[in-house]
$ cat protein37.cif   # mmCIF, C-alpha atoms (C1' of nucleotides)
data_run
#
loop_
_atom_site.label_atom_id
_atom_site.label_comp_id
_atom_site.auth_asym_id
_atom_site.auth_seq_id
_atom_site.Cartn_x
_atom_site.Cartn_y
_atom_site.Cartn_z
CA MET A 1 6.45 -23.13 -23.62
CA ALA A 2 7.91 -19.69 -23.02
CA ALA A 3 5.98 -16.96 -24.77
CA THR A 4 8.73 -14.39 -24.45
CA GLY A 5 12.29 -15.01 -25.41
CA ARG A 6 13.98 -11.82 -24.44
CA THR A 7 17.14 -11.06 -22.63
CA ASP A 8 16.69 -7.45 -21.70
CA LEU A 9 13.97 -5.72 -19.81
CA LYS A 10 11.50 -3.27 -21.31
CA LEU A 11 9.36 -2.06 -18.46
CA GLN A 12 6.51 -0.98 -20.66
CA THR A 13 5.99 -4.53 -21.82
CA PHE A 14 6.98 -6.25 -18.64
CA LEU A 15 3.91 -8.04 -17.42
CA PRO A 16 4.25 -7.48 -13.67
CA TYR A 17 4.82 -3.82 -14.27
CA MET A 18 1.83 -3.51 -16.57
CA LEU A 19 -0.42 -5.36 -14.19
CA ASN A 20 0.64 -3.19 -11.33
CA ASN A 21 0.14 0.05 -13.13
CA LEU A 22 -3.23 -0.98 -14.39
CA ALA A 23 -4.39 -2.32 -11.07
CA GLU A 24 -3.31 0.78 -9.24
CA ARG A 25 -5.02 3.10 -11.65
CA VAL A 26 -8.17 1.04 -11.78
CA SER A 27 -8.27 0.84 -8.00
CA SER A 28 -7.87 4.51 -7.50
CA GLY A 29 -10.49 5.31 -10.11
CA LEU A 30 -12.94 2.91 -8.59
CA SER A 31 -12.28 3.79 -5.01
CA GLY A 32 -13.29 7.31 -5.90
CA ILE A 33 -16.78 5.87 -5.77
CA TYR A 34 -16.89 4.03 -2.52
CA ALA A 35 -14.31 6.10 -0.66
CA ASP A 36 -15.52 9.60 -1.41
CA GLU A 37 -19.21 8.92 -1.49
CA TYR A 38 -19.61 6.08 0.94
CA GLN A 39 -16.63 6.45 3.26
CA LEU A 40 -15.44 2.93 2.63
CA SER A 41 -11.81 1.95 2.37
CA ILE A 42 -10.81 -0.65 -0.17
CA PRO A 43 -10.50 -3.43 2.42
CA GLU A 44 -13.88 -2.51 3.86
CA TRP A 45 -15.50 -2.57 0.46
CA ARG A 46 -14.00 -5.96 -0.25
CA VAL A 47 -15.30 -7.42 2.94
CA ILE A 48 -18.76 -6.11 2.18
CA ALA A 49 -18.72 -7.36 -1.37
CA ASN A 50 -17.68 -10.81 -0.29
CA LEU A 51 -20.34 -10.98 2.38
CA ALA A 52 -22.93 -9.83 -0.09
CA GLU A 53 -22.06 -12.76 -2.28
CA HIS A 54 -21.76 -15.42 0.33
CA SER A 55 -24.05 -14.10 3.05
CA THR A 56 -22.00 -15.63 5.86
CA LEU A 57 -18.26 -15.95 6.04
CA ASN A 58 -15.67 -15.76 8.74
CA ALA A 59 -12.51 -13.69 8.54
CA ARG A 60 -10.38 -16.56 7.44
CA GLN A 61 -12.62 -17.27 4.49
CA ILE A 62 -12.46 -13.65 3.48
CA VAL A 63 -8.70 -13.81 3.67
CA GLU A 64 -8.70 -16.79 1.35
CA ARG A 65 -10.98 -15.15 -1.16
CA THR A 66 -9.25 -11.81 -1.28
CA THR A 67 -5.58 -12.50 -0.54
CA MET A 68 -5.69 -9.66 1.97
CA GLU A 69 -3.64 -9.89 5.15
CA LYS A 70 -5.60 -11.23 8.04
CA SER A 71 -4.86 -8.16 10.12
CA LYS A 72 -6.22 -6.02 7.34
CA VAL A 73 -9.39 -8.02 7.28
CA SER A 74 -9.62 -7.95 11.04
CA ARG A 75 -9.43 -4.19 11.14
CA ALA A 76 -11.86 -3.73 8.30
CA VAL A 77 -14.28 -6.05 10.04
CA SER A 78 -14.15 -4.21 13.31
CA ASN A 79 -14.72 -0.87 11.59
CA LEU A 80 -17.70 -2.23 9.73
CA CYS A 81 -19.13 -3.60 12.95
CA GLU A 82 -18.79 -0.27 14.67
CA ARG A 83 -20.61 1.35 11.81
CA GLY A 84 -23.35 -1.22 12.04
CA LEU A 85 -22.82 -2.51 8.52
CA ILE A 86 -22.07 -6.06 9.52
CA THR A 87 -22.62 -8.22 12.60
CA GLN A 88 -20.45 -10.95 14.04
CA LYS A 89 -21.43 -13.83 16.20
CA ARG A 90 -19.37 -16.73 17.41
CA ALA A 91 -19.61 -19.64 15.05
CA GLU A 92 -21.39 -22.73 16.29
CA GLY A 93 -19.01 -25.59 16.74
CA ASP A 94 -15.91 -23.37 16.76
CA SER A 95 -15.91 -20.54 19.18
CA ARG A 96 -12.71 -19.05 17.87
CA ALA A 97 -14.33 -18.18 14.58
CA LYS A 98 -16.91 -15.48 14.10
CA ASP A 99 -19.63 -15.66 11.51
CA LEU A 100 -19.92 -12.35 9.71
CA THR A 101 -23.09 -11.13 8.04
CA LEU A 102 -24.22 -7.91 6.46
CA THR A 103 -26.85 -6.00 8.37
CA GLU A 104 -29.85 -4.60 6.52
CA GLU A 105 -28.02 -1.33 6.41
CA GLY A 106 -24.89 -2.96 5.10
CA LEU A 107 -26.82 -4.72 2.41
CA ALA A 108 -28.59 -1.52 1.44
CA LEU A 109 -25.28 0.23 1.17
CA TYR A 110 -23.94 -2.54 -0.99
CA ARG A 111 -26.97 -2.39 -3.24
CA SER A 112 -26.56 1.29 -3.79
CA ILE A 113 -22.90 0.92 -4.64
CA VAL A 114 -23.12 -2.00 -7.05
CA PRO A 115 -24.73 -0.20 -9.98
CA ARG A 116 -22.22 2.62 -9.74
CA VAL A 117 -19.37 0.22 -9.74
CA LEU A 118 -20.76 -1.76 -12.65
CA ASP A 119 -21.27 1.44 -14.58
CA TRP A 120 -17.68 2.29 -13.99
CA GLU A 121 -16.53 -1.09 -15.21
CA ARG A 122 -18.72 -0.72 -18.27
CA GLU A 123 -17.09 2.61 -19.03
CA LEU A 124 -13.71 1.02 -18.72
CA LEU A 125 -14.64 -1.78 -21.06
CA ALA A 126 -16.61 0.40 -23.43
CA GLU A 127 -14.26 -0.09 -26.30
CA MET A 128 -13.77 -3.78 -25.98
CA SER A 129 -15.70 -6.18 -28.10
CA PRO A 130 -17.39 -9.10 -26.37
CA GLY A 131 -14.74 -11.34 -27.86
CA GLU A 132 -11.90 -9.26 -26.51
CA TYR A 133 -13.55 -9.16 -23.14
CA ARG A 134 -13.88 -12.92 -23.09
CA ASP A 135 -10.25 -13.33 -24.09
CA LEU A 136 -9.12 -10.93 -21.42
CA MET A 137 -11.06 -12.72 -18.71
CA HIS A 138 -9.81 -16.03 -19.87
CA LEU A 139 -6.20 -14.94 -19.96
CA LEU A 140 -6.33 -13.30 -16.57
CA GLN A 141 -7.91 -16.37 -15.09
CA LYS A 142 -5.25 -18.51 -16.63
CA LEU A 143 -2.60 -16.26 -15.18
CA GLY A 144 -4.24 -16.55 -11.78
CA ALA A 145 -4.22 -20.31 -11.96
CA ARG A 146 -0.60 -20.36 -12.99
CA LEU A 147 0.26 -18.08 -10.11
CA GLN A 148 -1.53 -20.38 -7.73
CA LEU A 149 0.67 -23.16 -8.94
CA LEU A 150 3.85 -21.18 -8.43
CA GLU A 151 2.74 -20.13 -4.97
CA TYR A 152 1.78 -23.63 -3.86
CA PRO A 153 3.78 -26.03 -6.03
CA GLU A 154 2.78 -29.12 -4.04
CA THR A 155 -0.98 -28.78 -4.64
CA MET B 1 -20.01 -1.11 -27.02
CA ALA B 2 -20.34 -2.65 -23.59
CA ALA B 3 -18.78 -6.07 -23.38
CA THR B 4 -20.58 -6.99 -20.20
CA GLY B 5 -24.30 -6.60 -19.74
CA ARG B 6 -24.76 -7.63 -16.17
CA THR B 7 -26.70 -6.15 -13.38
CA ASP B 8 -25.21 -7.91 -10.39
CA LEU B 9 -21.69 -8.19 -9.21
CA LYS B 10 -19.62 -11.35 -9.23
CA LEU B 11 -16.32 -10.48 -7.65
CA GLN B 12 -14.46 -13.36 -9.21
CA THR B 13 -15.16 -11.99 -12.67
CA PHE B 14 -15.06 -8.33 -11.81
CA LEU B 15 -12.18 -6.89 -13.73
CA PRO B 16 -10.86 -4.42 -11.12
CA TYR B 17 -10.90 -7.13 -8.53
CA MET B 18 -9.12 -9.61 -10.77
CA LEU B 19 -6.49 -7.09 -11.76
CA ASN B 20 -5.84 -6.21 -8.18
CA ASN B 21 -5.50 -9.73 -6.97
CA LEU B 22 -3.21 -10.64 -9.81
CA ALA B 23 -1.07 -7.56 -9.45
CA GLU B 24 -0.68 -8.02 -5.75
CA ARG B 25 0.30 -11.63 -6.04
CA VAL B 26 2.66 -10.99 -8.91
CA SER B 27 4.26 -8.12 -7.05
CA SER B 28 4.83 -10.05 -3.92
CA GLY B 29 6.22 -12.99 -5.83
CA LEU B 30 8.57 -10.80 -7.77
CA SER B 31 9.62 -8.60 -4.90
CA GLY B 32 10.84 -11.74 -3.22
CA ILE B 33 13.73 -11.39 -5.62
CA TYR B 34 14.80 -7.81 -5.25
CA ALA B 35 13.65 -7.31 -1.67
CA ASP B 36 15.12 -10.38 -0.01
CA GLU B 37 18.23 -10.72 -2.06
CA TYR B 38 19.04 -7.16 -2.98
CA GLN B 39 17.39 -5.11 -0.23
CA LEU B 40 15.39 -3.05 -2.67
CA SER B 41 11.85 -1.90 -2.05
CA ILE B 42 9.41 -1.88 -4.93
CA PRO B 43 9.64 1.89 -5.44
CA GLU B 44 13.43 1.69 -5.37
CA TRP B 45 13.47 -1.09 -7.90
CA ARG B 46 11.18 0.87 -10.16
CA VAL B 47 13.36 3.92 -10.04
CA ILE B 48 16.39 1.87 -10.90
CA ALA B 49 14.66 0.05 -13.73
CA ASN B 50 13.50 3.31 -15.24
CA LEU B 51 16.93 4.86 -15.00
CA ALA B 52 18.45 1.79 -16.57
CA GLU B 53 16.21 2.25 -19.55
CA HIS B 54 16.50 5.96 -19.95
CA SER B 55 19.91 6.66 -18.45
CA THR B 56 18.93 10.12 -17.22
CA LEU B 57 15.59 11.17 -15.81
CA ASN B 58 14.43 13.54 -13.15
CA ALA B 59 11.96 12.67 -10.45
CA ARG B 60 9.03 14.13 -12.30
CA GLN B 61 9.67 11.98 -15.32
CA ILE B 62 9.83 8.91 -13.15
CA VAL B 63 6.51 9.88 -11.63
CA GLU B 64 5.00 10.13 -15.08
CA ARG B 65 6.32 6.78 -16.16
CA THR B 66 5.39 4.84 -13.07
CA THR B 67 2.28 6.53 -11.69
CA MET B 68 3.96 6.52 -8.29
CA GLU B 69 3.34 9.40 -5.90
CA LYS B 70 6.01 12.03 -6.11
CA SER B 71 6.79 11.70 -2.42
CA LYS B 72 7.29 8.01 -2.93
CA VAL B 73 9.72 8.67 -5.73
CA SER B 74 11.48 11.33 -3.72
CA ARG B 75 12.07 8.97 -0.84
CA ALA B 76 13.18 6.13 -3.06
CA VAL B 77 15.61 8.46 -4.79
CA SER B 78 17.18 9.68 -1.59
CA ASN B 79 17.63 6.15 -0.30
CA LEU B 80 19.27 5.09 -3.52
CA CYS B 81 21.58 8.07 -3.37
CA GLU B 82 22.64 7.24 0.15
CA ARG B 83 23.41 3.74 -0.96
CA GLY B 84 25.46 5.03 -3.84
CA LEU B 85 23.30 3.37 -6.47
CA ILE B 86 22.34 6.58 -8.23
CA THR B 87 23.64 10.11 -8.37
CA GLN B 88 21.80 13.36 -8.68
CA LYS B 89 23.00 16.64 -10.03
CA ARG B 90 21.09 19.81 -10.68
CA ALA B 91 19.81 19.92 -14.20
CA GLU B 92 21.34 22.47 -16.55
CA GLY B 93 18.86 25.11 -17.43
CA ASP B 94 16.52 24.31 -14.55
CA SER B 95 18.05 24.25 -11.15
CA ARG B 96 14.92 22.97 -9.47
CA ALA B 97 15.18 19.67 -11.24
CA LYS B 98 17.80 17.05 -10.56
CA ASP B 99 19.11 14.73 -13.20
CA LEU B 100 19.28 11.21 -11.87
CA THR B 101 21.66 8.59 -13.17
CA LEU B 102 22.66 5.12 -12.13
CA THR B 103 26.16 4.77 -10.78
CA GLU B 104 28.35 1.94 -11.99
CA GLU B 105 27.33 0.07 -8.90
CA GLY B 106 23.67 0.75 -9.52
CA LEU B 107 23.95 -0.44 -13.06
CA ALA B 108 25.76 -3.57 -11.97
CA LEU B 109 23.02 -4.28 -9.46
CA TYR B 110 20.41 -3.79 -12.13
CA ARG B 111 22.23 -6.11 -14.49
CA SER B 112 22.36 -8.83 -11.91
CA ILE B 113 18.67 -8.52 -11.15
CA VAL B 114 17.33 -8.43 -14.68
CA PRO B 115 17.91 -12.06 -15.61
CA ARG B 116 16.33 -13.23 -12.39
CA VAL B 117 13.32 -11.11 -12.99
CA LEU B 118 12.97 -12.23 -16.58
CA ASP B 119 13.26 -15.84 -15.50
CA TRP B 120 10.46 -15.27 -13.09
CA GLU B 121 8.29 -13.75 -15.76
CA ARG B 122 9.07 -16.66 -18.04
CA GLU B 123 7.97 -19.05 -15.35
CA LEU B 124 4.75 -17.14 -14.96
CA LEU B 125 4.09 -17.22 -18.67
CA ALA B 126 5.29 -20.75 -19.16
CA GLU B 127 1.92 -22.10 -20.12
CA MET B 128 0.89 -19.36 -22.45
CA SER B 129 1.28 -19.74 -26.14
CA PRO B 130 2.92 -16.90 -28.05
CA GLY B 131 -0.49 -16.02 -29.40
CA GLU B 132 -2.05 -15.84 -25.99
CA TYR B 133 0.83 -13.76 -24.78
CA ARG B 134 0.40 -11.33 -27.64
CA ASP B 135 -3.31 -11.08 -27.00
CA LEU B 136 -2.77 -10.46 -23.32
CA MET B 137 -0.26 -7.71 -23.96
CA HIS B 138 -2.50 -6.13 -26.51
CA LEU B 139 -5.55 -6.21 -24.28
CA LEU B 140 -3.73 -4.83 -21.28
CA GLN B 141 -2.30 -2.05 -23.38
CA LYS B 142 -5.74 -1.27 -24.70
CA LEU B 143 -7.06 -1.14 -21.17
CA GLY B 144 -4.27 1.22 -20.21
CA ALA B 145 -5.10 3.54 -23.07
CA ARG B 146 -8.76 3.53 -22.18
CA LEU B 147 -7.90 4.32 -18.60
CA GLN B 148 -5.77 7.19 -19.73
CA LEU B 149 -8.77 8.57 -21.53
CA LEU B 150 -11.00 8.26 -18.49
CA GLU B 151 -8.40 9.91 -16.30
CA TYR B 152 -7.78 12.81 -18.66
CA PRO B 153 -10.89 13.19 -20.76
CA GLU B 154 -9.78 16.45 -22.38
CA THR B 155 -6.60 15.08 -23.95
"C1'" DT C 1 -5.71 -37.89 29.98
"C1'" DA C 2 -1.68 -34.61 29.39
"C1'" DC C 3 1.21 -32.73 25.71
"C1'" DT C 4 1.96 -30.58 21.48
"C1'" DA C 5 0.53 -28.50 17.29
"C1'" DT C 6 -2.57 -25.93 14.73
"C1'" DT C 7 -5.91 -22.48 13.93
"C1'" DA C 8 -9.02 -17.96 14.39
"C1'" DG C 9 -8.62 -13.63 15.25
"C1'" DT C 10 -6.48 -9.35 17.66
"C1'" DT C 11 -2.97 -6.19 18.73
"C1'" DG C 12 1.62 -3.62 19.18
"C1'" DC C 13 5.10 -1.74 16.75
"C1'" DA C 14 8.06 -0.09 13.19
"C1'" DA C 15 7.95 1.14 8.65
"C1'" DG C 16 5.67 2.89 4.66
"C1'" DT C 17 2.13 5.73 2.67
"C1'" DG C 18 -0.77 9.79 0.50
"C1'" DA C 19 -2.08 14.34 0.80
"C1'" DG C 20 -0.98 18.65 1.13
"C1'" DA C 21 1.99 22.48 2.93
"C1'" DC C 22 6.20 24.29 1.88
"C1'" DT C 23 10.75 26.29 -0.46
"C1'" DA C 24 13.08 27.56 -4.30
"C1'" DA C 25 13.30 28.17 -9.12
"C1'" DT C 26 11.14 29.20 -13.45
"C1'" DA C 27 7.29 30.93 -16.59
"C1'" DT C 28 3.75 33.93 -17.69
"C1'" DT C 29 1.40 38.08 -17.85
"C1'" DA C 30 0.67 42.94 -17.87
"C1'" DT D 1 9.89 45.25 -14.95
"C1'" DA D 2 6.88 43.72 -10.98
"C1'" DA D 3 3.27 40.56 -9.85
"C1'" DT D 4 1.33 36.14 -10.26
"C1'" DA D 5 1.20 31.38 -11.44
"C1'" DT D 6 3.35 27.19 -12.12
"C1'" DT D 7 6.66 23.71 -11.37
"C1'" DA D 8 10.39 20.42 -9.07
"C1'" DG D 9 11.28 18.40 -5.23
"C1'" DT D 10 11.18 17.90 0.03
"C1'" DC D 11 8.97 17.44 4.31
"C1'" DT D 12 5.49 16.80 7.93
"C1'" DC D 13 1.57 14.60 9.73
"C1'" DA D 14 -1.97 11.46 10.31
"C1'" DC D 15 -3.12 7.19 8.69
"C1'" DT D 16 -2.38 2.49 6.86
"C1'" DT D 17 0.22 -1.36 6.46
"C1'" DG D 18 2.76 -5.88 7.27
"C1'" DC D 19 4.77 -8.68 10.40
"C1'" DA D 20 5.26 -11.10 14.37
"C1'" DA D 21 3.80 -11.94 18.94
"C1'" DC D 22 -0.09 -12.98 21.39
"C1'" DT D 23 -4.67 -15.16 23.43
"C1'" DA D 24 -8.04 -18.43 23.18
"C1'" DA D 25 -10.01 -22.40 21.20
"C1'" DT D 26 -9.58 -26.72 18.78
"C1'" DA D 27 -7.22 -30.94 16.88
"C1'" DG D 28 -4.05 -34.49 17.04
"C1'" DT D 29 -1.18 -37.74 19.51
"C1'" DA D 30 0.50 -40.94 22.85
#

$ encode --input "protein37.cif" --output "structure tokens"
Amino acid sequence: MAATGRTDLKLQTFLPYMLNNLAERVSSGLSGIYADEYQLSIPEWRVIANLAEHSTLNARQIVERTTMEKSKVSRAVSNLCERGLITQKRAEGDSRAKDLTLTEEGLALYRSIVPRVLDWERELLAEMSPGEYRDLMHLLQKLGARLQLLEYPET
Amino acid sequence: MAATGRTDLKLQTFLPYMLNNLAERVSSGLSGIYADEYQLSIPEWRVIANLAEHSTLNARQIVERTTMEKSKVSRAVSNLCERGLITQKRAEGDSRAKDLTLTEEGLALYRSIVPRVLDWERELLAEMSPGEYRDLMHLLQKLGARLQLLEYPET
DNA sequence: TACTATTAGTTGCAAGTGAGACTAATATTA
DNA sequence: TAATATTAGTCTCACTTGCAACTAATAGTA
């Protein structure tokens, strides 16, 4: 059931455009935190955050979770290794894959970033009621699921 | 009033992360249309779309509307000029600025893209009720306004 | 077993990017 | 008016990116 029955384009209410603008502005606001103060690029931060949540992942799994290019992930991973924030070791049973884990230092870094990042999100959401927040989450998730379907129609 | 009272980070429900993933996936889905079939980059498409709506703008105004970097806009503009899709002429009263306008050809291109793009959006929104769609728009707009405030606190 | 296909991850390259220096024009101030 | 600041847009440079080609390992097939 189409929710919009229009025939001409108004950018300001065009969903892809809105999403992009928002995402870009949110990203650049947020990355002020981990870029300026912690010298982490966005891809690096994402790798760290994913490892913090799942303790051990390989690059492919990070790709799946983040929709980043695998080369992007690969480069982020090798930077983080050089900086001693994560370690890699060949996965048992498949020696192509490498199991990635945060080092103590990486974990400590993550832990010092998280509260800042959550504060920032709280600021952003300061004027939303809990109900609005729930609706927003729900709608974005729904959009994500729909997108998944369009990307992989067979599934 | 904070809508989220959490102390640890779950990426899958972290708003900036969700917005980014969605925006990226939406962008790449959409740009399949104007990139593959019309040889337009995202910045070029945005310039065109803005000019189609406002008939005459200069680069600065496009920057304001799109939150693109001014160098990005500048490069998109000069490509589009070379391809004869827009024209520039020095603005009356301020000969630093250049008034940009779509050519007939540019406008025709735009008109052939719009329905495709709207179809795509309709597909994306196919499973949303009008109410959900309204809510989504409203919430995203609210987020945008809040962001504006955080970016320019004085205003 | 040999053959082919698939997968994990890296790398080279061409293109795109952001930041800031820069030019030229306009505004502001004294 | 001169001196300074601001603005519009371009350009350069170092960096990032996406894509495709690549290596090495694994899976599937006959």

$ resolve_selection --input "protein37.cif" --expression "the PyMOL selection byres ((chain A and resi 51-67) around 9)" --output "MDAnalysis selection string"
(chainID A and resid 46:50 68:70 72:74 77 86 88 91 97:102 106:107 110) or (chainID B and resid 9:12 17 21 24:25) or (chainID C and resid 8:9)

$ residues_near_point --input "protein37.cif" --point "(7.8, 24.1, -10.8)" --cutoff "9 Å" --atoms "all atoms listed in the file" --output "ChimeraX atom specification"
/B:96-97 /C:25-27 /D:6-9

$ write_last_selection --input "protein37.cif" --atoms "C-alpha atoms (C1' of nucleotides)" --output "PDB file, in the frame of the given file"
ATOM      1  CA  ARG B  96      14.920  22.970  -9.470  1.00  0.00           C
ATOM      2  CA  ALA B  97      15.180  19.670 -11.240  1.00  0.00           C
TER       3      ALA B  97
ATOM      4  C1'  DA C  25      13.300  28.170  -9.120  1.00  0.00           C
ATOM      5  C1'  DT C  26      11.140  29.200 -13.450  1.00  0.00           C
ATOM      6  C1'  DA C  27       7.290  30.930 -16.590  1.00  0.00           C
TER       7       DA C  27
ATOM      8  C1'  DT D   6       3.350  27.190 -12.120  1.00  0.00           C
ATOM      9  C1'  DT D   7       6.660  23.710 -11.370  1.00  0.00           C
ATOM     10  C1'  DA D   8      10.390  20.420  -9.070  1.00  0.00           C
ATOM     11  C1'  DG D   9      11.280  18.400  -5.230  1.00  0.00           C
TER      12       DG D   9
END

$ residues_around --input "protein37.cif" --residues "Leu15 (chain B)" --least-positions-apart "6" --cutoff "10 Å" --atoms "only C-alpha atoms (C1' of nucleotides)" --output "list in words"
Ala23, Val26, Glu121, Leu124, Leu125, Tyr133, Leu136, Met137 and Leu140 of chain A; Asn21 of chain B

$ resolve_selection --input "protein37.cif" --expression "the PyMOL selection byres ((chain D and resi 25) around 8)" --output "PDB file with C-alpha atoms (C1' of nucleotides), keeping the file's coordinate frame"
ATOM      1  CA  ASP A  94     -15.910 -23.370  16.760  1.00  0.00           C
ATOM      2  CA  SER A  95     -15.910 -20.540  19.180  1.00  0.00           C
ATOM      3  CA  ARG A  96     -12.710 -19.050  17.870  1.00  0.00           C
TER       4      ARG A  96
ATOM      5  C1'  DA D  24      -8.040 -18.430  23.180  1.00  0.00           C
ATOM      6  C1'  DT D  26      -9.580 -26.720  18.780  1.00  0.00           C
TER       7       DT D  26
END

$ atom_distance --input "protein37.cif" --atom1 "CA of Asp135 (chain A)" --atom2 "CA of Asp135 (chain B)"
7.9 Å

$ atom_distance --input "protein37.cif" --atom1 "CA of Pro153 (chain B)" --atom2 "CA of Thr13 (chain A)"
24.5 Å

$ atom_distance --input "protein37.cif" --atom1 "CA of Thr87 (chain B)" --atom2 "CA of Ala108 (chain B)"
14.3 Å

$ resolve_selection --input "protein37.cif" --expression "the PyMOL selection byres ((chain D) within 12 of (chain A))" --output "list in words"
DC15, DT16, DT17, DG18, DC19, DA20, DT23, DA24, DA25, DT26 and DA27 of chain D

$ write_last_selection --input "protein37.cif" --atoms "C-alpha atoms (C1' of nucleotides)" --output "PDB file, in the frame of the given file"
ATOM      1  C1'  DC D  15      -3.120   7.190   8.690  1.00  0.00           C
ATOM      2  C1'  DT D  16      -2.380   2.490   6.860  1.00  0.00           C
ATOM      3  C1'  DT D  17       0.220  -1.360   6.460  1.00  0.00           C
ATOM      4  C1'  DG D  18       2.760  -5.880   7.270  1.00  0.00           C
ATOM      5  C1'  DC D  19       4.770  -8.680  10.400  1.00  0.00           C
ATOM      6  C1'  DA D  20       5.260 -11.100  14.370  1.00  0.00           C
ATOM      7  C1'  DT D  23      -4.670 -15.160  23.430  1.00  0.00           C
ATOM      8  C1'  DA D  24      -8.040 -18.430  23.180  1.00  0.00           C
ATOM      9  C1'  DA D  25     -10.010 -22.400  21.200  1.00  0.00           C
ATOM     10  C1'  DT D  26      -9.580 -26.720  18.780  1.00  0.00           C
ATOM     11  C1'  DA D  27      -7.220 -30.940  16.880  1.00  0.00           C
TER      12       DA D  27
END

$ closest_residue --input "protein37.cif" --among "A:Glu151, A:Ala126, A:Glu37, A:Val117" --to "chain B" --atoms "only C-alpha atoms"
A:Ala126

$ interface_residues --input "protein37.cif" --of "chain C" --to "chain B" --cutoff "12 Å" --atoms "only C-alpha atoms (C1' of nucleotides)" --output "NGL selection string"
:C and (15-20 or 23-27)

$ write_last_selection --input "protein37.cif" --atoms "C-alpha atoms (C1' of nucleotides)" --output "PDB file, keeping the file's coordinate frame"
ATOM      1  C1'  DA C  15       7.950   1.140   8.650  1.00  0.00           C
ATOM      2  C1'  DG C  16       5.670   2.890   4.660  1.00  0.00           C
ATOM      3  C1'  DT C  17       2.130   5.730   2.670  1.00  0.00           C
ATOM      4  C1'  DG C  18      -0.770   9.790   0.500  1.00  0.00           C
ATOM      5  C1'  DA C  19      -2.080  14.340   0.800  1.00  0.00           C
ATOM      6  C1'  DG C  20      -0.980  18.650   1.130  1.00  0.00           C
ATOM      7  C1'  DT C  23      10.750  26.290  -0.460  1.00  0.00           C
ATOM      8  C1'  DA C  24      13.080  27.560  -4.300  1.00  0.00           C
ATOM      9  C1'  DA C  25      13.300  28.170  -9.120  1.00  0.00           C
ATOM     10  C1'  DT C  26      11.140  29.200 -13.450  1.00  0.00           C
ATOM     11  C1'  DA C  27       7.290  30.930 -16.590  1.00  0.00           C
TER      12       DA C  27
END

$ closest_residue --input "protein37.cif" --among "B:Glu105, B:Glu82, B:Glu92, B:Asp119" --to "chain A" --atoms "only C-alpha atoms"
B:Asp119

$ closest_residue --input "protein37.cif" --among "B:Tyr152, B:Pro130, B:Gln141, B:Gln39" --to "chain A" --atoms "all atoms listed in the file"
B:Pro130

$ closest_residue --input "protein37.cif" --among "B:Thr7, B:Thr103, B:Asn79, B:Ser41" --to "chain A" --atoms "all atoms listed in the file"
B:Thr7

$ closest_residue --input "protein37.cif" --among "A:Ile33, A:Leu109, A:Leu22, A:Leu149" --to "chain B" --atoms "all atoms listed in the file"
A:Leu22

$ build_atoms --input "protein37.cif" --residues "region 78-89 of chain B" --atoms "N, CA and C atoms" --output "PDB file, in the frame of the given file"
ATOM      1  N   SER B  78      16.178   9.310  -2.578  1.00  0.00           N
ATOM      2  CA  SER B  78      17.180   9.680  -1.590  1.00  0.00           C
ATOM      3  C   SER B  78      17.801   8.450  -0.931  1.00  0.00           C
ATOM      4  N   ASN B  79      17.024   7.393  -0.781  1.00  0.00           N
ATOM      5  CA  ASN B  79      17.630   6.150  -0.300  1.00  0.00           C
ATOM      6  C   ASN B  79      18.699   5.631  -1.253  1.00  0.00           C
ATOM      7  N   LEU B  80      18.344   5.624  -2.531  1.00  0.00           N
ATOM      8  CA  LEU B  80      19.270   5.090  -3.520  1.00  0.00           C
ATOM      9  C   LEU B  80      20.546   5.921  -3.592  1.00  0.00           C
ATOM     10  N   CYS B  81      20.398   7.217  -3.403  1.00  0.00           N
ATOM     11  CA  CYS B  81      21.580   8.070  -3.370  1.00  0.00           C
ATOM     12  C   CYS B  81      22.480   7.709  -2.205  1.00  0.00           C
ATOM     13  N   GLU B  82      21.856   7.601  -1.038  1.00  0.00           N
ATOM     14  CA  GLU B  82      22.640   7.240   0.150  1.00  0.00           C
ATOM     15  C   GLU B  82      23.387   5.939  -0.052  1.00  0.00           C
ATOM     16  N   ARG B  83      22.766   5.032  -0.765  1.00  0.00           N
ATOM     17  CA  ARG B  83      23.410   3.740  -0.960  1.00  0.00           C
ATOM     18  C   ARG B  83      24.376   3.756  -2.133  1.00  0.00           C
ATOM     19  N   GLY B  84      24.485   4.903  -2.754  1.00  0.00           N
ATOM     20  CA  GLY B  84      25.460   5.030  -3.840  1.00  0.00           C
ATOM     21  C   GLY B  84      25.045   4.335  -5.115  1.00  0.00           C
ATOM     22  N   LEU B  85      23.741   4.071  -5.269  1.00  0.00           N
ATOM     23  CA  LEU B  85      23.300   3.370  -6.470  1.00  0.00           C
ATOM     24  C   LEU B  85      22.911   4.337  -7.585  1.00  0.00           C
ATOM     25  N   ILE B  86      22.600   5.553  -7.221  1.00  0.00           N
ATOM     26  CA  ILE B  86      22.340   6.580  -8.230  1.00  0.00           C
ATOM     27  C   ILE B  86      22.984   7.884  -7.772  1.00  0.00           C
ATOM     28  N   THR B  87      23.150   8.790  -8.723  1.00  0.00           N
ATOM     29  CA  THR B  87      23.640  10.110  -8.370  1.00  0.00           C
ATOM     30  C   THR B  87      22.653  11.149  -8.868  1.00  0.00           C
ATOM     31  N   GLN B  88      22.622  12.278  -8.189  1.00  0.00           N
ATOM     32  CA  GLN B  88      21.800  13.360  -8.680  1.00  0.00           C
ATOM     33  C   GLN B  88      22.673  14.583  -8.902  1.00  0.00           C
ATOM     34  N   LYS B  89      22.384  15.311  -9.947  1.00  0.00           N
ATOM     35  CA  LYS B  89      23.000  16.640 -10.030  1.00  0.00           C
ATOM     36  C   LYS B  89      21.988  17.598 -10.653  1.00  0.00           C
TER      37      LYS B  89
END
